[in-house]
file entry.cif (mmCIF, C-alpha atoms)
data_query
loop_
_atom_site.label_atom_id
_atom_site.label_comp_id
_atom_site.auth_asym_id
_atom_site.auth_seq_id
_atom_site.Cartn_x
_atom_site.Cartn_y
_atom_site.Cartn_z
CA MET A 34 11.01 104.04 36.99
CA PRO A 35 7.46 104.19 35.52
CA ASP A 36 5.56 107.47 35.96
CA TRP A 37 2.90 105.86 38.16
CA ALA A 38 5.57 104.83 40.66
CA ARG A 39 7.17 108.27 40.89
CA PRO A 40 6.27 110.30 44.02
CA SER A 41 4.35 113.54 43.64
CA PRO A 42 6.09 116.91 44.20
CA GLU A 43 4.23 117.30 47.50
CA GLU A 44 5.47 113.92 48.72
CA LEU A 45 9.03 114.77 47.70
CA GLU A 46 8.91 118.11 49.49
CA ALA A 47 7.62 116.44 52.66
CA GLN A 48 10.34 113.81 52.38
CA ALA A 49 13.00 116.51 51.90
CA ALA A 50 11.79 118.34 55.00
CA GLY A 51 11.95 115.12 57.00
CA GLU A 52 15.45 114.40 55.74
CA SER A 53 16.58 117.88 56.72
CA ALA A 54 15.27 117.45 60.25
CA LYS A 55 16.91 114.06 60.44
CA ARG A 56 20.25 115.54 59.37
CA ASP A 57 19.98 118.20 62.05
CA ARG A 58 19.38 115.59 64.75
CA ALA A 59 22.23 113.45 63.47
CA ALA A 60 24.59 116.44 63.44
CA GLN A 61 23.69 117.19 67.04
CA ARG A 62 24.38 113.58 68.08
CA ALA A 63 27.68 113.62 66.19
CA SER A 64 28.83 116.73 68.00
CA GLN A 65 27.94 115.12 71.33
CA ARG A 66 29.95 112.03 70.43
CA ALA A 67 32.91 114.15 69.42
CA ALA A 68 32.90 115.78 72.87
CA ALA A 69 32.75 112.39 74.64
CA PRO A 70 36.01 110.72 75.83
CA ALA A 71 37.71 108.37 73.35
CA MET A 72 37.14 104.59 73.59
CA PRO A 73 39.89 102.73 75.48
CA ALA A 74 42.29 100.68 73.36
CA GLY A 75 41.16 97.10 72.76
CA SER A 76 37.49 97.87 73.34
CA THR A 77 35.09 95.46 71.64
CA SER A 78 32.35 98.03 71.17
CA ARG A 79 31.46 98.89 67.61
CA THR A 80 32.94 102.10 66.23
CA ILE A 81 30.14 104.35 65.05
CA ALA A 82 30.99 106.57 62.12
CA SER A 83 30.44 110.25 62.71
CA PHE A 84 27.86 112.14 60.74
CA SER A 85 30.57 113.85 58.73
CA GLU A 86 31.61 110.45 57.37
CA GLN A 87 28.11 109.61 56.12
CA PRO A 88 27.34 110.28 52.45
CA ALA A 89 25.59 113.54 51.87
CA LYS A 90 21.80 113.30 51.70
CA PRO A 91 20.12 114.65 48.56
CA GLY A 92 18.34 117.91 49.25
CA SER A 93 16.57 119.03 46.09
CA ILE A 94 13.67 117.27 44.39
CA GLU A 95 15.89 116.33 41.45
CA GLU A 96 18.51 114.83 43.77
CA LEU A 97 15.84 112.88 45.65
CA ARG A 98 14.39 111.56 42.41
CA ALA A 99 17.84 110.54 41.18
CA ALA A 100 18.57 108.80 44.50
CA MET A 101 15.30 106.86 44.34
CA GLU A 102 15.99 105.74 40.77
CA GLN A 103 19.45 104.62 41.84
CA ILE A 104 17.98 102.54 44.66
CA VAL A 105 15.45 100.90 42.34
CA ALA A 106 18.13 100.15 39.76
CA ALA A 107 20.56 98.73 42.35
CA PRO A 108 21.19 94.98 41.89
CA ALA A 109 19.63 92.57 44.38
CA PRO A 110 21.92 91.02 47.01
CA ALA A 111 23.80 88.03 45.68
CA LYS A 112 22.22 84.66 46.46
CA PRO A 113 24.22 81.58 47.42
CA SER A 114 25.32 79.61 44.40
CA LYS A 115 24.04 76.11 43.68
CA GLN A 116 27.36 74.71 44.80
CA GLU A 117 27.22 76.60 48.10
CA ARG A 118 23.67 75.39 48.76
CA ARG A 119 24.64 71.83 47.85
CA GLU A 120 27.66 71.95 50.16
CA ALA A 121 25.47 73.22 53.01
CA ARG A 122 22.97 70.39 52.47
CA GLU A 123 25.75 67.81 52.37
CA ALA A 124 27.22 69.20 55.59
CA ARG A 125 23.83 68.92 57.35
CA LYS A 126 23.35 65.40 55.99
CA ALA A 127 26.79 64.34 57.18
CA ALA A 128 26.05 65.73 60.64
CA ARG A 129 22.78 63.76 60.80
CA GLN A 130 24.45 60.54 59.65
CA ALA A 131 27.14 61.01 62.29
CA GLY A 132 24.43 61.25 64.93
CA GLU A 133 25.29 64.80 65.83
CA PRO A 134 22.25 66.58 67.28
CA GLU A 135 21.25 69.83 65.64
CA GLU A 136 22.14 72.68 67.97
CA LEU A 137 19.02 74.82 68.07
CA SER A 138 17.38 76.80 70.83
CA ASP A 139 13.80 75.99 71.88
CA ASP A 140 12.49 78.98 69.93
CA GLN A 141 14.41 77.88 66.84
CA TRP A 142 12.98 74.37 67.17
CA ARG A 143 9.48 75.83 67.46
CA GLU A 144 10.02 77.85 64.30
CA LYS A 145 11.39 74.82 62.46
CA ALA A 146 8.50 72.64 63.67
CA ARG A 147 5.94 75.17 62.47
CA GLY A 148 7.55 75.20 59.04
CA ILE A 149 7.50 71.40 58.82
CA LEU A 150 3.84 71.23 59.86
CA LEU A 151 2.78 73.89 57.38
CA ARG A 152 4.47 72.03 54.53
CA GLN A 153 2.84 68.76 55.59
CA LEU A 154 -0.63 70.28 55.92
CA THR A 155 -0.30 72.14 52.63
CA ALA A 156 0.22 68.82 50.85
CA SER A 157 -2.76 67.11 52.52
CA ASP A 158 -4.66 66.88 55.79
CA LYS A 159 -2.85 64.88 58.47
CA THR A 160 -3.60 63.45 61.90
CA ALA A 161 -1.78 64.59 65.01
CA LYS A 162 0.12 61.27 65.11
CA GLN A 163 1.31 61.61 61.51
CA LEU A 164 2.55 65.13 62.17
CA LYS A 165 4.30 64.16 65.38
CA ASP A 166 6.02 61.25 63.66
CA LYS A 167 7.27 63.66 60.99
CA LEU A 168 8.65 66.07 63.59
CA LEU A 169 10.40 63.29 65.48
CA GLU A 170 11.94 62.10 62.20
CA ASN A 171 13.48 65.56 61.97
CA GLU A 172 14.84 65.16 65.54
CA CYS A 173 12.50 67.77 66.99
CA PRO A 174 12.31 67.47 70.80
CA GLU A 175 9.12 65.62 71.76
CA ASP A 176 7.85 68.26 74.19
CA ILE A 177 8.17 70.99 71.55
CA ALA A 178 6.50 68.74 68.94
CA ASP A 179 3.53 68.23 71.29
CA GLU A 180 3.38 71.94 72.08
CA VAL A 181 3.30 73.06 68.44
CA ILE A 182 0.78 70.38 67.42
CA ASP A 183 -1.51 71.32 70.33
CA ARG A 184 -1.36 74.94 69.21
CA TYR A 185 -2.28 73.97 65.66
CA ALA A 186 -5.17 71.90 67.04
CA GLU A 187 -6.44 74.94 68.95
CA ILE A 188 -6.76 76.90 65.72
CA ASN A 189 -8.30 73.90 63.87
CA LEU A 190 -5.39 73.24 61.54
CA VAL A 191 -5.11 69.77 63.07
CA ASP A 192 -8.37 67.89 63.67
CA ASP A 193 -8.44 64.09 63.85
CA GLU A 194 -12.24 63.99 63.73
CA ARG A 195 -12.37 66.02 60.53
CA PHE A 196 -9.60 63.90 59.04
CA ALA A 197 -11.41 60.66 59.87
CA LYS A 198 -14.68 61.74 58.27
CA SER A 199 -13.06 62.91 55.06
CA TRP A 200 -10.86 59.80 54.92
CA VAL A 201 -13.88 57.47 55.20
CA VAL A 202 -15.70 59.18 52.34
CA ALA A 203 -12.63 59.33 50.11
CA ARG A 204 -11.54 55.71 50.62
CA ALA A 205 -15.04 54.30 50.18
CA ARG A 206 -15.58 56.29 47.00
CA SER A 207 -12.18 56.04 45.32
CA ARG A 208 -11.04 52.57 46.43
CA GLY A 209 -14.34 50.92 47.27
CA LEU A 210 -13.09 49.89 50.71
CA ALA A 211 -15.44 48.41 53.27
CA ARG A 212 -15.74 49.75 56.81
CA GLY A 213 -13.42 47.14 58.28
CA ALA A 214 -10.54 48.03 55.98
CA ILE A 215 -11.05 51.77 56.49
CA LYS A 216 -11.08 51.32 60.26
CA ARG A 217 -7.71 49.55 60.12
CA GLU A 218 -6.28 52.39 58.04
CA LEU A 219 -7.53 55.00 60.49
CA ARG A 220 -5.97 53.11 63.39
CA THR A 221 -2.55 53.10 61.70
CA LYS A 222 -2.85 56.88 61.27
CA GLY A 223 -3.46 57.43 64.96
CA VAL A 224 -7.23 57.98 64.96
CA ASP A 225 -8.74 56.43 68.09
CA ASP A 226 -11.49 53.84 67.75
CA GLU A 227 -14.24 56.13 69.05
CA LEU A 228 -13.60 58.81 66.43
CA ALA A 229 -13.23 56.13 63.77
CA ALA A 230 -16.59 54.59 64.70
CA GLU A 231 -18.31 57.97 64.46
CA ALA A 232 -16.78 58.61 61.05
CA LEU A 233 -17.75 55.16 59.77
CA GLU A 234 -21.41 55.84 60.57
CA GLN A 235 -21.46 57.70 57.24
CA ILE A 236 -21.56 54.27 55.56
CA ASP A 237 -24.47 51.92 56.32
CA ASP A 238 -24.96 48.27 55.35
CA GLU A 239 -26.99 49.14 52.28
CA ALA A 240 -24.42 51.59 50.95
CA GLU A 241 -21.61 49.12 51.58
CA GLU A 242 -23.38 46.34 49.69
CA GLN A 243 -24.16 48.65 46.80
CA ARG A 244 -20.49 49.59 46.50
CA ALA A 245 -19.52 45.91 46.54
CA ARG A 246 -21.94 45.23 43.67
CA GLU A 247 -20.43 48.06 41.64
CA LEU A 248 -16.96 46.59 42.10
CA VAL A 249 -18.13 43.13 41.04
CA ARG A 250 -19.97 44.44 37.96
CA ALA A 251 -16.81 46.20 36.81
CA LYS A 252 -14.89 42.91 37.01
CA LEU A 253 -17.63 40.92 35.21
CA ARG A 254 -17.57 42.99 32.03
CA PRO A 255 -15.26 40.65 30.04
CA GLU A 256 -17.05 37.63 28.53
CA SER A 257 -14.23 35.43 29.78
CA MET A 258 -15.55 35.80 33.36
CA GLY A 259 -18.56 33.72 32.34
CA ALA A 260 -16.56 30.72 31.10
CA ASP A 261 -15.82 29.22 34.53
CA ARG A 262 -18.31 30.16 37.25
CA ASP A 263 -16.37 28.73 40.19
CA LYS A 264 -13.12 30.36 39.15
CA ALA A 265 -14.86 33.69 38.60
CA LEU A 266 -16.52 33.53 42.03
CA ARG A 267 -13.21 32.77 43.74
CA ARG A 268 -11.60 35.76 42.07
CA LEU A 269 -14.49 38.07 42.94
CA VAL A 270 -14.74 36.95 46.56
CA GLY A 271 -10.97 37.35 46.95
CA MET A 272 -11.12 40.86 45.50
CA LEU A 273 -13.89 41.91 47.89
CA GLY A 274 -12.13 40.28 50.83
CA ARG A 275 -8.99 42.31 50.20
CA LYS A 276 -11.12 45.45 50.33
CA GLY A 277 -12.50 44.52 53.73
CA TYR A 278 -15.89 43.00 52.87
CA ASN A 279 -16.93 40.05 55.00
CA CYS A 280 -16.99 36.62 53.41
CA GLY A 281 -20.76 36.16 53.58
CA MET A 282 -21.57 39.41 51.80
CA ALA A 283 -18.75 38.93 49.30
CA PHE A 284 -19.97 35.46 48.20
CA LYS A 285 -23.64 36.56 48.07
CA VAL A 286 -22.90 39.62 45.95
CA ALA A 287 -20.48 37.78 43.64
CA ARG A 288 -22.91 34.92 42.99
CA GLU A 289 -25.93 37.14 42.39
CA GLU A 290 -24.07 39.51 40.09
CA TRP A 291 -22.49 36.65 38.11
CA GLU A 292 -25.91 35.10 37.54
CA GLU A 293 -27.36 38.51 36.59
CA ARG A 294 -24.58 39.00 34.05
CA PHE A 295 -24.28 35.50 32.53
CA GLY A 296 -27.48 33.73 33.60
CA ASN A 297 -27.85 30.63 35.75
CA ARG A 298 -25.83 28.10 33.75
CA TYR A 299 -25.70 25.52 36.54
#
call {"tool": "encode", "arguments": {"input": "entry.cif", "output": "structure tokens"}}
result
Amino acid sequence: MPDWARPSPEELEAQAAGESAKRDRAAQRASQRAAAPAMPAGSTSRTIASFSEQPAKPGSIEELRAAMEQIVAAPAPAKPSKQERREAREARKAARQAGEPEELSDDQWREKARGILLRQLTASDKTAKQLKDKLLENECPEDIADEVIDRYAEINLVDDERFAKSWVVARARSRGLARGAIKRELRTKGVDDELAAEALEQIDDEAEEQRARELVRAKLRPESMGADRDKALRRLVGMLGRKGYNCGMAFKVAREEWEERFGNRY
């Protein structure tokens, strides 16, 4: 044991005094148990060892120090082997495949649900619908799933409005999606249309068109895009359409950016 972790002499003396008092109390209880009538045969109550059977407590400072060092040096409890853990997982998997419900109390289900939600939210923010779907996949009772999710919403760990706003910004910036495509994504994640509309107000028409132009310019960099105007425009309009831009804006932006890049050859 390093010196900084060793207790001071004053602490050891106080600990020894406490141990002595504890031994006195234990001896008194042991004598009372010895005077009590014996347990009837076949009793299921646990047999409590008398104080005389307990190992002697160290009394001196040296004995206390030696006992502490022995505790620190004691090996940690053995953990299940890889094979034992694998067998336990396989047994649970077989039970699920056989359709056997997991026998848990309501409190155990609540504890399991909280663990699942924390793992999900640690990975990334989620909507209430996404989290509930995950709990139901793990056969959590629906009423307990709703209860735990509502509690997480009360402490702001689950917030569909916050999720929607961050999702709009991220998808518009990283994928260049238009408002229509983002709205469809939010709907599949369980965000209602009112919250989605509020979140989408972060993107106006001007910002959406500017993002469309950036996407088109990136595609027009190769010289080969200037060889066939009509083919290039079809490809660009199709690309913008898949990202949710309406046909009118897509064609306007594609045509103007093609002409800016290669000149009006027609």
call {"tool": "residues_around", "arguments": {"input": "entry.cif", "residues": "Met272 of chain A", "least_positions_apart": "5", "cutoff": "12 Å", "atoms": "all atoms listed in the file", "output": "NGL selection string"}}
result
:A and (208-211 or 245-246 or 248-249 or 251-252 or 265-267 or 277-280 or 283-284 or 286-287)
call {"tool": "resolve_selection", "arguments": {"input": "entry.cif", "expression": "the PyMOL selection byres ((chain A and resi 219) around 12)", "output": "ChimeraX atom specification"}}
result
/A:159-160,162-163,193-194,196-201,204,212-218,220-233
call {"tool": "closest_residue", "arguments": {"input": "entry.cif", "among": "A:Gln130, A:Asn189, A:Asn171, A:Gln243", "to": "Asp158 of chain A", "atoms": "only C-alpha atoms"}}
result
A:Asn189
call {"tool": "closest_residue", "arguments": {"input": "entry.cif", "among": "A:Arg122, A:Glu117, A:Leu190, A:Glu234", "to": "Gln153 of chain A", "atoms": "only C-alpha atoms"}}
result
A:Leu190
call {"tool": "atom_distance", "arguments": {"input": "entry.cif", "atom1": "atom CA of Glu175 of chain A", "atom2": "atom CA of Arg118 of chain A"}}
result
28.9 Å
call {"tool": "residues_around", "arguments": {"input": "entry.cif", "residues": "segment 260-263 of chain A", "least_positions_apart": "4", "cutoff": "12 Å", "atoms": "all atoms listed in the file", "output": "ChimeraX atom specification"}}
result
/A:253,255-256,267-270,284,287-292,294-299
call {"tool": "residues_around", "arguments": {"input": "entry.cif", "residues": "Leu150 of chain A", "least_positions_apart": "3", "cutoff": "8 Å", "atoms": "only C-alpha atoms", "output": "ChimeraX atom specification"}}
result
/A:146-147,153-154,164,168
call {"tool": "closest_residue", "arguments": {"input": "entry.cif", "among": "A:Glu293, A:Glu172, A:Glu96, A:Glu241", "to": "Lys276 of chain A", "atoms": "all atoms listed in the file"}}
result
A:Glu241
call {"tool": "atom_distance", "arguments": {"input": "entry.cif", "atom1": "atom CA of Glu136 of chain A", "atom2": "atom CA of Ala186 of chain A"}}
result
27.3 Å
call {"tool": "decode", "arguments": {"input": "entry.cif", "residues": "segment 151-185 of chain A", "atoms": "N, CA and C atoms", "output": "PDB file, in the first residue's frame"}}
result
ATOM      1  N   LEU A 151     -31.038   5.269 -21.906  1.00  0.00           N
ATOM      2  CA  LEU A 151     -29.759   5.960 -21.712  1.00  0.00           C
ATOM      3  C   LEU A 151     -28.756   5.576 -22.793  1.00  0.00           C
ATOM      4  N   ARG A 152     -28.723   4.302 -23.150  1.00  0.00           N
ATOM      5  CA  ARG A 152     -27.806   3.888 -24.225  1.00  0.00           C
ATOM      6  C   ARG A 152     -28.201   4.529 -25.546  1.00  0.00           C
ATOM      7  N   GLN A 153     -29.486   4.588 -25.837  1.00  0.00           N
ATOM      8  CA  GLN A 153     -29.951   5.199 -27.083  1.00  0.00           C
ATOM      9  C   GLN A 153     -29.619   6.688 -27.131  1.00  0.00           C
ATOM     10  N   LEU A 154     -29.864   7.393 -26.032  1.00  0.00           N
ATOM     11  CA  LEU A 154     -29.648   8.836 -26.011  1.00  0.00           C
ATOM     12  C   LEU A 154     -28.169   9.183 -25.944  1.00  0.00           C
ATOM     13  N   THR A 155     -27.356   8.274 -25.426  1.00  0.00           N
ATOM     14  CA  THR A 155     -25.913   8.511 -25.423  1.00  0.00           C
ATOM     15  C   THR A 155     -25.369   8.478 -26.850  1.00  0.00           C
ATOM     16  N   ALA A 156     -25.918   7.600 -27.674  1.00  0.00           N
ATOM     17  CA  ALA A 156     -25.462   7.498 -29.066  1.00  0.00           C
ATOM     18  C   ALA A 156     -25.858   8.734 -29.862  1.00  0.00           C
ATOM     19  N   SER A 157     -27.109   9.179 -29.733  1.00  0.00           N
ATOM     20  CA  SER A 157     -27.590  10.366 -30.442  1.00  0.00           C
ATOM     21  C   SER A 157     -28.965  10.737 -29.900  1.00  0.00           C
ATOM     22  N   ASP A 158     -29.363  11.973 -30.176  1.00  0.00           N
ATOM     23  CA  ASP A 158     -30.682  12.422 -29.734  1.00  0.00           C
ATOM     24  C   ASP A 158     -31.755  11.641 -30.473  1.00  0.00           C
ATOM     25  N   LYS A 159     -32.855  11.358 -29.807  1.00  0.00           N
ATOM     26  CA  LYS A 159     -33.937  10.568 -30.393  1.00  0.00           C
ATOM     27  C   LYS A 159     -35.277  11.213 -30.059  1.00  0.00           C
ATOM     28  N   THR A 160     -36.277  10.926 -30.890  1.00  0.00           N
ATOM     29  CA  THR A 160     -37.637  11.364 -30.593  1.00  0.00           C
ATOM     30  C   THR A 160     -38.301  10.362 -29.658  1.00  0.00           C
ATOM     31  N   ALA A 161     -39.431  10.785 -29.088  1.00  0.00           N
ATOM     32  CA  ALA A 161     -40.161   9.886 -28.187  1.00  0.00           C
ATOM     33  C   ALA A 161     -40.621   8.632 -28.934  1.00  0.00           C
ATOM     34  N   LYS A 162     -41.025   8.786 -30.204  1.00  0.00           N
ATOM     35  CA  LYS A 162     -41.483   7.625 -30.977  1.00  0.00           C
ATOM     36  C   LYS A 162     -40.335   6.652 -31.214  1.00  0.00           C
ATOM     37  N   GLN A 163     -39.173   7.149 -31.563  1.00  0.00           N
ATOM     38  CA  GLN A 163     -38.028   6.264 -31.788  1.00  0.00           C
ATOM     39  C   GLN A 163     -37.686   5.478 -30.532  1.00  0.00           C
ATOM     40  N   LEU A 164     -37.716   6.152 -29.392  1.00  0.00           N
ATOM     41  CA  LEU A 164     -37.386   5.481 -28.137  1.00  0.00           C
ATOM     42  C   LEU A 164     -38.451   4.448 -27.763  1.00  0.00           C
ATOM     43  N   LYS A 165     -39.708   4.797 -27.982  1.00  0.00           N
ATOM     44  CA  LYS A 165     -40.760   3.835 -27.660  1.00  0.00           C
ATOM     45  C   LYS A 165     -40.667   2.612 -28.559  1.00  0.00           C
ATOM     46  N   ASP A 166     -40.401   2.821 -29.833  1.00  0.00           N
ATOM     47  CA  ASP A 166     -40.244   1.683 -30.747  1.00  0.00           C
ATOM     48  C   ASP A 166     -39.120   0.762 -30.268  1.00  0.00           C
ATOM     49  N   LYS A 167     -38.035   1.363 -29.776  1.00  0.00           N
ATOM     50  CA  LYS A 167     -36.905   0.553 -29.296  1.00  0.00           C
ATOM     51  C   LYS A 167     -37.297  -0.251 -28.063  1.00  0.00           C
ATOM     52  N   LEU A 168     -38.042   0.356 -27.163  1.00  0.00           N
ATOM     53  CA  LEU A 168     -38.474  -0.367 -25.964  1.00  0.00           C
ATOM     54  C   LEU A 168     -39.418  -1.505 -26.316  1.00  0.00           C
ATOM     55  N   LEU A 169     -40.331  -1.249 -27.248  1.00  0.00           N
ATOM     56  CA  LEU A 169     -41.274  -2.301 -27.635  1.00  0.00           C
ATOM     57  C   LEU A 169     -40.552  -3.443 -28.350  1.00  0.00           C
ATOM     58  N   GLU A 170     -39.484  -3.119 -29.089  1.00  0.00           N
ATOM     59  CA  GLU A 170     -38.678  -4.179 -29.708  1.00  0.00           C
ATOM     60  C   GLU A 170     -38.084  -5.102 -28.645  1.00  0.00           C
ATOM     61  N   ASN A 171     -37.791  -4.534 -27.487  1.00  0.00           N
ATOM     62  CA  ASN A 171     -37.237  -5.318 -26.386  1.00  0.00           C
ATOM     63  C   ASN A 171     -38.328  -5.873 -25.471  1.00  0.00           C
ATOM     64  N   GLU A 172     -39.587  -5.875 -25.984  1.00  0.00           N
ATOM     65  CA  GLU A 172     -40.729  -6.491 -25.303  1.00  0.00           C
ATOM     66  C   GLU A 172     -41.086  -5.807 -23.994  1.00  0.00           C
ATOM     67  N   CYS A 173     -40.711  -4.539 -23.862  1.00  0.00           N
ATOM     68  CA  CYS A 173     -41.096  -3.778 -22.675  1.00  0.00           C
ATOM     69  C   CYS A 173     -42.598  -3.507 -22.727  1.00  0.00           C
ATOM     70  N   PRO A 174     -43.328  -3.688 -21.631  1.00  0.00           N
ATOM     71  CA  PRO A 174     -44.759  -3.376 -21.626  1.00  0.00           C
ATOM     72  C   PRO A 174     -45.002  -1.924 -22.036  1.00  0.00           C
ATOM     73  N   GLU A 175     -46.037  -1.696 -22.839  1.00  0.00           N
ATOM     74  CA  GLU A 175     -46.263  -0.369 -23.411  1.00  0.00           C
ATOM     75  C   GLU A 175     -46.508   0.682 -22.344  1.00  0.00           C
ATOM     76  N   ASP A 176     -47.265   0.345 -21.293  1.00  0.00           N
ATOM     77  CA  ASP A 176     -47.558   1.345 -20.269  1.00  0.00           C
ATOM     78  C   ASP A 176     -46.286   1.765 -19.528  1.00  0.00           C
ATOM     79  N   ILE A 177     -45.379   0.830 -19.297  1.00  0.00           N
ATOM     80  CA  ILE A 177     -44.117   1.182 -18.640  1.00  0.00           C
ATOM     81  C   ILE A 177     -43.234   1.983 -19.588  1.00  0.00           C
ATOM     82  N   ALA A 178     -43.238   1.635 -20.881  1.00  0.00           N
ATOM     83  CA  ALA A 178     -42.466   2.405 -21.866  1.00  0.00           C
ATOM     84  C   ALA A 178     -42.929   3.862 -21.880  1.00  0.00           C
ATOM     85  N   ASP A 179     -44.256   4.070 -21.900  1.00  0.00           N
ATOM     86  CA  ASP A 179     -44.790   5.439 -21.892  1.00  0.00           C
ATOM     87  C   ASP A 179     -44.412   6.168 -20.606  1.00  0.00           C
ATOM     88  N   GLU A 180     -44.490   5.460 -19.502  1.00  0.00           N
ATOM     89  CA  GLU A 180     -44.179   6.071 -18.203  1.00  0.00           C
ATOM     90  C   GLU A 180     -42.727   6.540 -18.135  1.00  0.00           C
ATOM     91  N   VAL A 181     -41.799   5.692 -18.554  1.00  0.00           N
ATOM     92  CA  VAL A 181     -40.379   6.045 -18.472  1.00  0.00           C
ATOM     93  C   VAL A 181     -40.048   7.167 -19.452  1.00  0.00           C
ATOM     94  N   ILE A 182     -40.619   7.113 -20.652  1.00  0.00           N
ATOM     95  CA  ILE A 182     -40.353   8.171 -21.641  1.00  0.00           C
ATOM     96  C   ILE A 182     -40.920   9.502 -21.156  1.00  0.00           C
ATOM     97  N   ASP A 183     -42.112   9.494 -20.564  1.00  0.00           N
ATOM     98  CA  ASP A 183     -42.690  10.730 -20.032  1.00  0.00           C
ATOM     99  C   ASP A 183     -41.797  11.313 -18.943  1.00  0.00           C
ATOM    100  N   ARG A 184     -41.234  10.446 -18.120  1.00  0.00           N
ATOM    101  CA  ARG A 184     -40.345  10.937 -17.064  1.00  0.00           C
ATOM    102  C   ARG A 184     -39.096  11.564 -17.662  1.00  0.00           C
ATOM    103  N   TYR A 185     -38.543  10.948 -18.693  1.00  0.00           N
ATOM    104  CA  TYR A 185     -37.363  11.510 -19.350  1.00  0.00           C
ATOM    105  C   TYR A 185     -37.701  12.837 -20.039  1.00  0.00           C
TER     106      TYR A 185
END
